[in-house]
Amino acid sequence: MPQRRAASPPQVANLPHTTPANPLLRAPGTEWGAGPGGLRGSGVTLEAMTQPTAPKIQLVNTAEYRENYANSVQVRVNLWDFFLMFGRVNQTAPDSVAIHNFQGIYVSPQQAKALLNVLSQNVTQYESAFGEIRLEPQAGTGIVQ
């Protein structure tokens, strides 16, 4: 197995619980309607409200936590979730490929999109530092390696 470099700190793809665009975020004692900032009641506007402080995130590895290497990720999607199946490709001959799946993970559509954003940011940073990542499809298979 190739020697691993020290990994950069993980970026957490958590969804925000409250944002300025969240219609549930308003000052107590106010209601939506005509008036300054679209609020009626105490005269508080969205601009005058302070942003909630971001919670301190503590990453804790459970006893079941494992790190592994995958060079194959298969994705299945349905209405409720995304299923990511991680595995390793083992090609024993030019016409024989086996994929040994070892972990499947379900994520919500929202978490999948948050993961997409985090991966996109990290790929952009990686390519800025090390050059473009090139994907080369094999002729006629549709598989990208």
# chains A, B, ... in the order shown; residues from 1 in each chain; ligands from 1
call {"tool": "residues_around", "arguments": {"residues": "A:Ser72", "least_positions_apart": "2", "cutoff": "6 Å", "atoms": "only C-alpha atoms", "output": "PyMOL selection string"}}
result
chain A and resi 70+86-88
call {"tool": "write_last_selection", "arguments": {"atoms": "C-alpha atoms", "output": "CSV table (one decimal), in the first residue's frame"}}
result
chain,number,residue,atom,x,y,z
A,70,ALA,CA,-11.0,3.3,-2.0
A,86,PHE,CA,-16.8,2.4,-1.5
A,87,GLY,CA,-14.4,-0.3,-2.8
A,88,ARG,CA,-11.1,-1.2,-4.4
call {"tool": "closest_residue", "arguments": {"among": "A:Ala63, A:Leu135, A:Asn90, A:Phe82", "to": "A:Leu116", "atoms": "only C-alpha atoms"}}
result
A:Phe82
call {"tool": "residues_around", "arguments": {"residues": "A:Asn78", "least_positions_apart": "3", "cutoff": "12 Å", "atoms": "only C-alpha atoms", "output": "mmCIF file with C-alpha atoms, in the first residue's frame"}}
result
data_model
loop_
_atom_site.group_PDB
_atom_site.id
_atom_site.type_symbol
_atom_site.label_atom_id
_atom_site.label_comp_id
_atom_site.auth_asym_id
_atom_site.auth_seq_id
_atom_site.Cartn_x
_atom_site.Cartn_y
_atom_site.Cartn_z
ATOM 1 C CA VAL A 75 -23.500 6.031 -6.304
ATOM 2 C CA ASP A 81 -31.188 9.462 -0.003
ATOM 3 C CA PHE A 82 -27.911 8.911 -1.802
ATOM 4 C CA PHE A 83 -26.036 5.647 -1.292
ATOM 5 C CA LEU A 84 -22.246 5.730 -1.670
ATOM 6 C CA TYR A 106 -26.403 6.536 3.074
ATOM 7 C CA VAL A 107 -26.592 10.337 3.141
ATOM 8 C CA SER A 108 -29.506 12.728 2.751
ATOM 9 C CA PRO A 109 -29.791 14.738 -0.492
#
call {"tool": "select_by_dssp", "arguments": {"residues": "stretch 65-131 of chain A", "states": "helix (DSSP H, G or I)", "output": "ChimeraX atom specification"}}
result
/A:109-130
call {"tool": "residues_around", "arguments": {"residues": "A:Asn71", "least_positions_apart": "4", "cutoff": "12 Å", "atoms": "only C-alpha atoms", "output": "ChimeraX atom specification"}}
result
/A:85-91,98-102,144-145
call {"tool": "write_last_selection", "arguments": {"atoms": "C-alpha atoms", "output": "PDB file, in the first residue's frame"}}
result
ATOM      1  CA  MET A  85     -20.534   2.330  -2.037  1.00  0.00           C
ATOM      2  CA  PHE A  86     -16.762   2.394  -1.520  1.00  0.00           C
ATOM      3  CA  GLY A  87     -14.447  -0.320  -2.778  1.00  0.00           C
ATOM      4  CA  ARG A  88     -11.125  -1.237  -4.352  1.00  0.00           C
ATOM      5  CA  VAL A  89     -10.621  -2.160  -7.993  1.00  0.00           C
ATOM      6  CA  ASN A  90      -8.553  -5.275  -8.662  1.00  0.00           C
ATOM      7  CA  GLN A  91      -7.721  -5.872 -12.311  1.00  0.00           C
ATOM      8  CA  ALA A  98     -13.207  -7.151  -9.741  1.00  0.00           C
ATOM      9  CA  ILE A  99     -14.438  -4.425  -7.415  1.00  0.00           C
ATOM     10  CA  HIS A 100     -14.287  -5.398  -3.750  1.00  0.00           C
ATOM     11  CA  ASN A 101     -16.814  -3.197  -1.938  1.00  0.00           C
ATOM     12  CA  PHE A 102     -16.154  -2.702   1.761  1.00  0.00           C
ATOM     13  CA  VAL A 144     -13.447   6.744 -15.667  1.00  0.00           C
ATOM     14  CA  GLN A 145     -10.057   5.942 -14.160  1.00  0.00           C
TER      15      GLN A 145
END
call {"tool": "select_by_dssp", "arguments": {"residues": "stretch 69-116 of chain A", "states": "strand (DSSP E or B)", "output": "MDAnalysis selection string"}}
result
chainID A and resid 72:77 82:93 96:107
call {"tool": "decode", "arguments": {"residues": "stretch 95-118 of chain A", "atoms": "C-alpha atoms", "output": "mmCIF file, in the first residue's frame"}}
result
data_model
loop_
_atom_site.group_PDB
_atom_site.id
_atom_site.type_symbol
_atom_site.label_atom_id
_atom_site.label_comp_id
_atom_site.auth_asym_id
_atom_site.auth_seq_id
_atom_site.Cartn_x
_atom_site.Cartn_y
_atom_site.Cartn_z
ATOM 1 C CA ASP A 95 -10.549 -8.233 -19.551
ATOM 2 C CA SER A 96 -11.118 -9.042 -15.864
ATOM 3 C CA VAL A 97 -11.856 -6.431 -13.218
ATOM 4 C CA ALA A 98 -13.207 -7.151 -9.741
ATOM 5 C CA ILE A 99 -14.438 -4.425 -7.415
ATOM 6 C CA HIS A 100 -14.287 -5.398 -3.750
ATOM 7 C CA ASN A 101 -16.814 -3.197 -1.938
ATOM 8 C CA PHE A 102 -16.154 -2.702 1.761
ATOM 9 C CA GLN A 103 -18.372 0.163 2.916
ATOM 10 C CA GLY A 104 -21.750 1.609 1.984
ATOM 11 C CA ILE A 105 -22.971 4.909 3.392
ATOM 12 C CA TYR A 106 -26.403 6.536 3.074
ATOM 13 C CA VAL A 107 -26.592 10.337 3.141
ATOM 14 C CA SER A 108 -29.506 12.728 2.751
ATOM 15 C CA PRO A 109 -29.791 14.738 -0.492
ATOM 16 C CA GLN A 110 -28.879 17.854 1.513
ATOM 17 C CA GLN A 111 -25.767 16.207 2.957
ATOM 18 C CA ALA A 112 -24.826 14.928 -0.526
ATOM 19 C CA LYS A 113 -24.958 18.490 -1.848
ATOM 20 C CA ALA A 114 -22.919 19.779 1.112
ATOM 21 C CA LEU A 115 -20.359 17.016 0.403
ATOM 22 C CA LEU A 116 -20.295 18.049 -3.272
ATOM 23 C CA ASN A 117 -19.482 21.631 -2.231
ATOM 24 C CA VAL A 118 -16.691 20.577 0.153
#
